[in-house]
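Written below as structure tokens is the structure these notes are about.
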Amino acid sequence: MATVDVDLPHVKDEDPHHHGPAKGLGRWLYTTNHKDIGSMYLIFSLTMFMIGGIMALIIRAELFQPGLQLVEPNFFNQMTTMHGLIMVFGAVMPAFVGLANWMIPMQIGAPDMALPRMNNWSFWILPFAFLILLSSLFMPGGAPNFGWTFYAPLSTTYAPESVTFFIFGVHIMGASSIMGAINIIATILNMRAPGMTLMKMPLFVWTWLITAFLLIAVMPVLAGVVTMMLMDIHFGTSFFNAAGGGDPVLFQHVFWFFGHPEVYIMILPAFGIISEIIPTFARKRLFGYSSMVYAVASIALLSFVVWAHHMFTVGMPLVGEVFFMFATMLIAVPTGVKVFNWTATMFRGSMTFETPMLFAIAFVVLFTIGGFSGLMLAIAPADFQYHDTYFVVAHFHYVLVPGAIFSIMAATYYWLPKWTGHQLNETMGKLHFWLSFVGVNVTFFPMHFVGLAGMPRRIPDYALQFADFNSMASVGAFIFGFSQLVFIYNVIQNVRAGEKATAQVWEGAQGLEWTVPSPAPYHTFSTPPKVD
Amino acid sequence: MSKALTLALSLLSTPALADWQVNMNKGVTALSREIFDLHMLIFWICVVIGVAVFGVMFYSIFKHRKSKGAVAEHWHENTTVEVVWTVIPSIILIAMAVPATATLMDMYDTSEADVDIQITGYQWKWRYQYLDEDIDFFSNLSTPREEIVNESAKNPNYLLEVDNALVIPANKKVRFLITANDVIHSWWVPHFAVKKDAIPGFINEAWVKVEEPGVYRGQCTELCGKDHGFMPVVVEVKSEADYAQWVADQKAMKLAMAGEASKEFSMDELIAKGEGVYQAACAGCHQPNGQGIPGAFPAITGSAIATGAIDAHIDIIVNGKTGTAMQAFKEQLSAVDIAAVVTYQRNALGNTVGDMVQPSAIQK
Amino acid sequence: MKIWMQAIWSVMASFLGVQSNANRERDFEHGRFSVFVVAGLLMTFAFLISVFGLVQLVMMYVK
């Protein structure tokens, strides 16, 4: 990012007119403070991460050996479905919104978000959406069991009754996301401190600005597709019912028209975070800041024209297959080579390897592996062999776990001292990193192998030839899962005690958020800073 | 005790059967080998790029660290370098997409087939109809329940075995017309590199020409409900002579079956036969003990249909119930099987209606 | 007119994923947002047409 020289009218925040947080539960229910709401988003996300993680461990425990040991196939399908939905909509997305709430106002020198009451509301409807979704586990017929992609007609004509609750839950999540996105755009466009031009914005702010536009564009598409399901189920329409003149493949087109940009929604803020952390610990400016901004902006447009590469086996016309293969390749390269920019940033820097940096480097390496398998999947004829196998599972988990999730952990460790005022316990941070790093790779790397060897995804039991790598993956999953307890311990410990952090926290840190004291006061930048 | 012992034995015995295959199957058709080559080509491209990027990255990590006294340099932009490292991979990939397009065009060329077979996905079985031969049968998983629930040791083809395999001739172009009866399924045989979604109301095409006779195994690859993991695909490729013999045998068997349907059965015969049919065709949803799964699949025990008028009972089995998972079994089961299973359901699983139906009375 | 050409060049640069600081400063200081939005949509459309053309070409060539 551009160097930010700050003329510090500094922190008049102890001004007697300013009040601190309210007391008791009311503080959290009624708060309009971006830091409080950010914290609530992050805690919510962590809770969902743990619930979704338990579901993943149930899946991996069942798959430890061939044969049915622990759960029935129908419950297994409920677990894969809920795991996917909770991790995507409950863990990754709210975590990024939480980080945006905390950091965007502080990075652009704004006193708060532009629409603080809506901010409160967009958070508080989320727990209800997920309570509705989770309550379906206890309904007769069980929770949704049709996969997180909920392809019709399995999710309409053949769905359990709880599908209606699922649809309602998705609507609420969508509303929450759209409100969050509107708030972020309004904040970034209107609340920047004098002198903080768009050109000087940190990349985390840039990537979130573009992500927010993507969210506004595609969440209504998701709402549309679930509404069409609702109509098919309860009001006698036949959007997706071939017997009534509809088309089941239409569902997939609409879903992936949402789903592909959604992939970028879950990775662009991660690009932003990594582009903050690597320069800090390499003590060198990000290589190609401008390229990064432009590339991210173009992704927002081009991510809308490649959706059907998720559907190479549905029997599209030949020219459609070829078109989506070429378009996907052309778009993947400019996105993928951003990895080169991070490498060039490290090259001839002066690096140190604190916990956030370790997670950031792991992100770059493992996300690249996920990118490579993505390139392989883009080759349409080969995709006929990869599609719906564990190779795909390996691919998107590499992009989402050591991708999105590692970036969230890197961000948490990076900004935690600013939030709590306590320096990190590096030993515990590194312990968490190495356990997670080993766990993630032992879990997901063997999935490439079983996928190529022919194991379909979403099956509760498998042929004997897949047994060895599956038990390996299960062991890895438990290592990864339980190592997150170290993460929780680290965060709680850091909130409670620790060495006092300085305002700058990290030697190489640049940017407005490092000019306010640690912990950041309840109100920051009530008087806007001046950025030259 | 013995159950625990067999379980322990089966757990111990599995690693011996497993292998460490890490790559895609090369397959047994010209097309599958082409696809394998594309796969390896893109894989090596990724490896080369990976070695270059990670090489530079790890070099920096070791050399340019503060603890070794590295001082950060100040450059942060070089548009030329960026254009070069973007354009080169783009060209490589576009070059790569050209042979991929050629392969794709081959895959889509289903013209001039020697044999046409319609494949229909049902909730959790496949139906194969030979369009020129009047052969039509269903293919169900044949792995015994005891193996799945770990009560007996698993055989080497665990979950990849069926009662009636699809039989095709070697060295002939076989065209598959793929569709589904209920939800979306996907028909996949890795060794043929044929994977195509089976979509209700629509017909997809694929083709294969296998050189070597043999048995090839695959699975359904689109989540299709509870037993998605339990609907394998088994294809037996026979030499031309063997295939002709098999076709003749199928036709003879069909005639024999037609004779059975006019026979008169005793109640005990029907119940005995019906139990087998029930366990194969009904127990997946309604459960082996007839209790169903509350909220998903109704119980047979004490059900209004299975204890009510026998005509309505026959009707729901023959024609199914639209909008539910209850399929029409008229195509899947013979008149004898339907008569047997109706009689069984009415007089077993806790039901004691006491009546029976003869195969000749089943109106399909 | 010049402003449009600049915007179109910048959008093309963004599709490649590379842009220089100098051009970015020019874009952000002198460019108009609406021009970039229109240019972006136009270029996306042009991108689709050209990929489609490329696909037709390749399919003719390999046949």
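Every chain in the structure tokens takes a letter, A first, then B, and so on in the order presented; its residues are numbered from 1, and the ligands are numbered from 1 following the presented order.
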With a cut-off of 6 Å and counting only C-alpha atoms, select all residues of chain C in contact with chain A and give the selection as JSON, numbers by chain.
{"C": [14, 15, 16, 17, 18, 19, 20, 21, 55]}
Select from range 98-195 of chain B everything DSSP, run on the backbone, classes as alpha helix (DSSP H), then give the selection as a ChimeraX atom specification.
/B:98-108,145-148
Please save all heavy atoms of the selected residues as a compact mmCIF listing (two decimals), in the first residue's frame.
```txt
# COMPACT_ATOMS: atom_id res chain seq x y z
N VAL B 98 -6.07 -25.95 -26.24
CA VAL B 98 -6.36 -26.37 -27.62
C VAL B 98 -6.48 -27.89 -27.75
O VAL B 98 -7.50 -28.40 -28.21
CB VAL B 98 -5.33 -25.77 -28.60
CG1 VAL B 98 -5.56 -26.30 -29.99
CG2 VAL B 98 -5.44 -24.25 -28.59
N PRO B 99 -5.47 -28.67 -27.31
CA PRO B 99 -5.67 -30.12 -27.35
C PRO B 99 -6.84 -30.58 -26.49
O PRO B 99 -7.53 -31.54 -26.83
CB PRO B 99 -4.35 -30.68 -26.82
CG PRO B 99 -3.65 -29.56 -26.17
CD PRO B 99 -4.12 -28.31 -26.83
N ALA B 100 -7.09 -29.84 -25.40
CA ALA B 100 -8.24 -30.19 -24.56
C ALA B 100 -9.53 -30.06 -25.35
O ALA B 100 -10.45 -30.88 -25.21
CB ALA B 100 -8.27 -29.31 -23.32
N THR B 101 -9.59 -29.03 -26.19
CA THR B 101 -10.80 -28.85 -27.01
C THR B 101 -10.96 -30.02 -27.98
O THR B 101 -12.07 -30.53 -28.17
CB THR B 101 -10.70 -27.54 -27.81
OG1 THR B 101 -10.44 -26.49 -26.89
CG2 THR B 101 -11.98 -27.26 -28.56
N ALA B 102 -9.84 -30.47 -28.57
CA ALA B 102 -9.92 -31.59 -29.50
C ALA B 102 -10.48 -32.83 -28.79
O ALA B 102 -11.37 -33.52 -29.30
CB ALA B 102 -8.54 -31.88 -30.08
N THR B 103 -9.96 -33.10 -27.59
CA THR B 103 -10.46 -34.25 -26.82
C THR B 103 -11.94 -34.11 -26.52
O THR B 103 -12.71 -35.07 -26.64
CB THR B 103 -9.68 -34.36 -25.49
OG1 THR B 103 -8.30 -34.39 -25.79
CG2 THR B 103 -10.08 -35.60 -24.73
N LEU B 104 -12.32 -32.91 -26.14
CA LEU B 104 -13.72 -32.66 -25.80
C LEU B 104 -14.62 -32.94 -27.00
O LEU B 104 -15.71 -33.52 -26.87
CB LEU B 104 -13.85 -31.20 -25.36
CG LEU B 104 -14.94 -30.85 -24.38
CD1 LEU B 104 -14.88 -31.74 -23.17
CD2 LEU B 104 -14.77 -29.39 -23.95
N MET B 105 -14.15 -32.54 -28.16
CA MET B 105 -14.97 -32.77 -29.36
C MET B 105 -15.12 -34.26 -29.63
O MET B 105 -16.19 -34.72 -30.05
CB MET B 105 -14.35 -32.04 -30.56
CG MET B 105 -14.55 -30.54 -30.45
SD MET B 105 -13.60 -29.58 -31.62
CE MET B 105 -14.65 -29.65 -33.05
N ASP B 106 -14.07 -35.03 -29.39
CA ASP B 106 -14.17 -36.50 -29.50
C ASP B 106 -15.22 -37.04 -28.53
O ASP B 106 -16.03 -37.89 -28.87
CB ASP B 106 -12.83 -37.16 -29.16
CG ASP B 106 -11.90 -37.14 -30.35
OD1 ASP B 106 -12.37 -36.81 -31.46
OD2 ASP B 106 -10.71 -37.45 -30.16
N MET B 107 -15.15 -36.54 -27.29
CA MET B 107 -16.07 -37.04 -26.27
C MET B 107 -17.52 -36.78 -26.65
O MET B 107 -18.41 -37.54 -26.30
CB MET B 107 -15.79 -36.37 -24.92
CG MET B 107 -14.45 -36.73 -24.32
SD MET B 107 -14.08 -35.71 -22.88
CE MET B 107 -15.05 -36.51 -21.64
N TYR B 108 -17.73 -35.67 -27.34
CA TYR B 108 -19.10 -35.30 -27.69
C TYR B 108 -19.59 -35.96 -28.97
O TYR B 108 -20.75 -35.80 -29.34
CB TYR B 108 -19.20 -33.77 -27.80
CG TYR B 108 -19.65 -33.13 -26.51
CD1 TYR B 108 -18.81 -33.13 -25.40
CD2 TYR B 108 -20.91 -32.55 -26.39
CE1 TYR B 108 -19.21 -32.56 -24.22
CE2 TYR B 108 -21.32 -31.99 -25.20
CZ TYR B 108 -20.47 -31.99 -24.11
OH TYR B 108 -20.87 -31.42 -22.94
N ARG B 145 -25.52 -56.75 3.55
CA ARG B 145 -25.68 -55.79 4.64
C ARG B 145 -24.66 -56.05 5.77
O ARG B 145 -24.13 -55.13 6.38
CB ARG B 145 -27.12 -55.90 5.16
CG ARG B 145 -27.50 -55.02 6.30
CD ARG B 145 -28.00 -53.66 5.85
NE ARG B 145 -27.99 -52.74 6.98
CZ ARG B 145 -27.76 -51.43 6.88
NH1 ARG B 145 -27.54 -50.87 5.72
NH2 ARG B 145 -27.76 -50.67 7.96
N GLU B 146 -24.38 -57.34 6.02
CA GLU B 146 -23.48 -57.69 7.13
C GLU B 146 -22.09 -57.09 6.92
O GLU B 146 -21.42 -56.72 7.86
CB GLU B 146 -23.34 -59.21 7.28
CG GLU B 146 -24.61 -59.96 7.66
CD GLU B 146 -25.58 -60.08 6.51
OE1 GLU B 146 -25.14 -60.48 5.40
OE2 GLU B 146 -26.76 -59.76 6.70
N GLU B 147 -21.67 -57.02 5.66
CA GLU B 147 -20.34 -56.46 5.41
C GLU B 147 -20.34 -54.96 5.68
O GLU B 147 -19.39 -54.41 6.20
CB GLU B 147 -19.91 -56.73 3.97
CG GLU B 147 -19.63 -58.19 3.72
CD GLU B 147 -19.01 -58.44 2.34
OE1 GLU B 147 -18.49 -57.49 1.72
OE2 GLU B 147 -19.05 -59.59 1.89
N ILE B 148 -21.46 -54.30 5.31
CA ILE B 148 -21.52 -52.85 5.47
C ILE B 148 -21.52 -52.48 6.95
O ILE B 148 -20.85 -51.53 7.36
CB ILE B 148 -22.76 -52.28 4.76
CG1 ILE B 148 -22.62 -52.51 3.25
CG2 ILE B 148 -22.93 -50.79 5.05
CD1 ILE B 148 -23.85 -52.17 2.45
```
Grab the CA of Val364 in chain A to CA of Val339 in chain A distance for me, in Å with one decimal place.
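Interatomic distance, CA of Val364 in chain A to CA of Val339 in chain A: 6.5 Å.
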Expressed in Å, the length from CA of Ile199 in chain B to CA of Gly284 in chain B is 22.1 Å
Would you kindly return, as a ChimeraX atom specification, each protein, DNA or RNA residue with an atom no farther than 12 Å from any atom of Val37 in chain C, considering only C-alpha atoms and excluding same-chain residues fewer than 2 positions away?
/A:297-298,300-301 /C:4,7-8,10-11,31-35,39-44
Non-local contacts of range 237-239 of chain B (6 Å; only C-alpha atoms; under 4 positions in same chain excluded) as a list in words
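In the requested form, the answer reads Val167, Ile168, Pro169, Ala170, Pro213, Gly214 and Tyr243 of chain B.
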Write out as a ChimeraX atom specification which residues come within 12 Å of Lys195 in chain B when counting only C-alpha atoms, dropping same-chain ones fewer than 6 positions away.
/A:311-315,380-389,454,456 /B:32,107,176,178,185-189,204-208,218-222,233
Pull C-alpha atoms from the residues just selected and write them as a CSV table (one decimal), in the first residue's frame.
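out33.csv written:
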```csv
chain,number,residue,atom,x,y,z
A,311,MET,CA,-21.2,-28.0,-14.3
A,312,PHE,CA,-19.1,-29.6,-17.0
A,313,THR,CA,-20.8,-32.9,-16.6
A,314,VAL,CA,-24.5,-31.8,-16.8
A,315,GLY,CA,-24.5,-32.2,-20.6
A,380,ALA,CA,-12.9,-29.6,-19.2
A,381,PRO,CA,-12.1,-33.1,-20.5
A,382,ALA,CA,-10.0,-33.9,-17.4
A,383,ASP,CA,-12.8,-32.4,-15.3
A,384,PHE,CA,-15.0,-35.3,-16.3
A,385,GLN,CA,-12.6,-37.5,-14.3
A,386,TYR,CA,-12.2,-35.0,-11.3
A,387,HIS,CA,-15.8,-33.8,-11.1
A,388,ASP,CA,-17.6,-34.7,-7.8
A,389,THR,CA,-14.7,-36.7,-6.5
A,454,GLY,CA,-11.9,-42.7,-8.0
A,456,PRO,CA,-16.8,-39.9,-5.1
B,32,SER,CA,-9.5,-42.2,-21.4
B,107,MET,CA,-16.1,-37.0,-26.3
B,176,PHE,CA,-25.2,-44.4,-23.6
B,178,ILE,CA,-28.4,-41.2,-19.7
B,185,HIS,CA,-27.5,-39.0,-10.5
B,186,SER,CA,-24.3,-39.3,-12.3
B,187,TRP,CA,-23.0,-42.4,-14.1
B,188,TRP,CA,-19.2,-42.8,-13.8
B,189,VAL,CA,-16.8,-45.5,-14.8
B,204,ASN,CA,-27.5,-36.9,-22.0
B,205,GLU,CA,-25.3,-38.8,-24.3
B,206,ALA,CA,-21.9,-40.4,-23.9
B,207,TRP,CA,-20.0,-43.2,-25.6
B,208,VAL,CA,-17.3,-45.7,-25.1
B,218,GLY,CA,-17.5,-47.2,-10.8
B,219,GLN,CA,-20.0,-45.3,-8.7
B,220,CYS,CA,-22.8,-42.7,-8.8
B,221,THR,CA,-21.1,-39.3,-8.4
B,222,GLU,CA,-23.9,-37.0,-7.8
B,233,VAL,CA,-21.8,-49.2,-11.6
```
Identify, on the basis of only C-alpha atoms, every residue whose closest approach to Val357 in chain B does not exceed 8 Å; exclude the query and any residue fewer than 2 positions from it along the same chain; express the result as a list in words.
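What passes the distance filter is Ala339, Ala340, Val342, Thr343, Asp355, Pro359, Ala361 and Ile362 of chain B.
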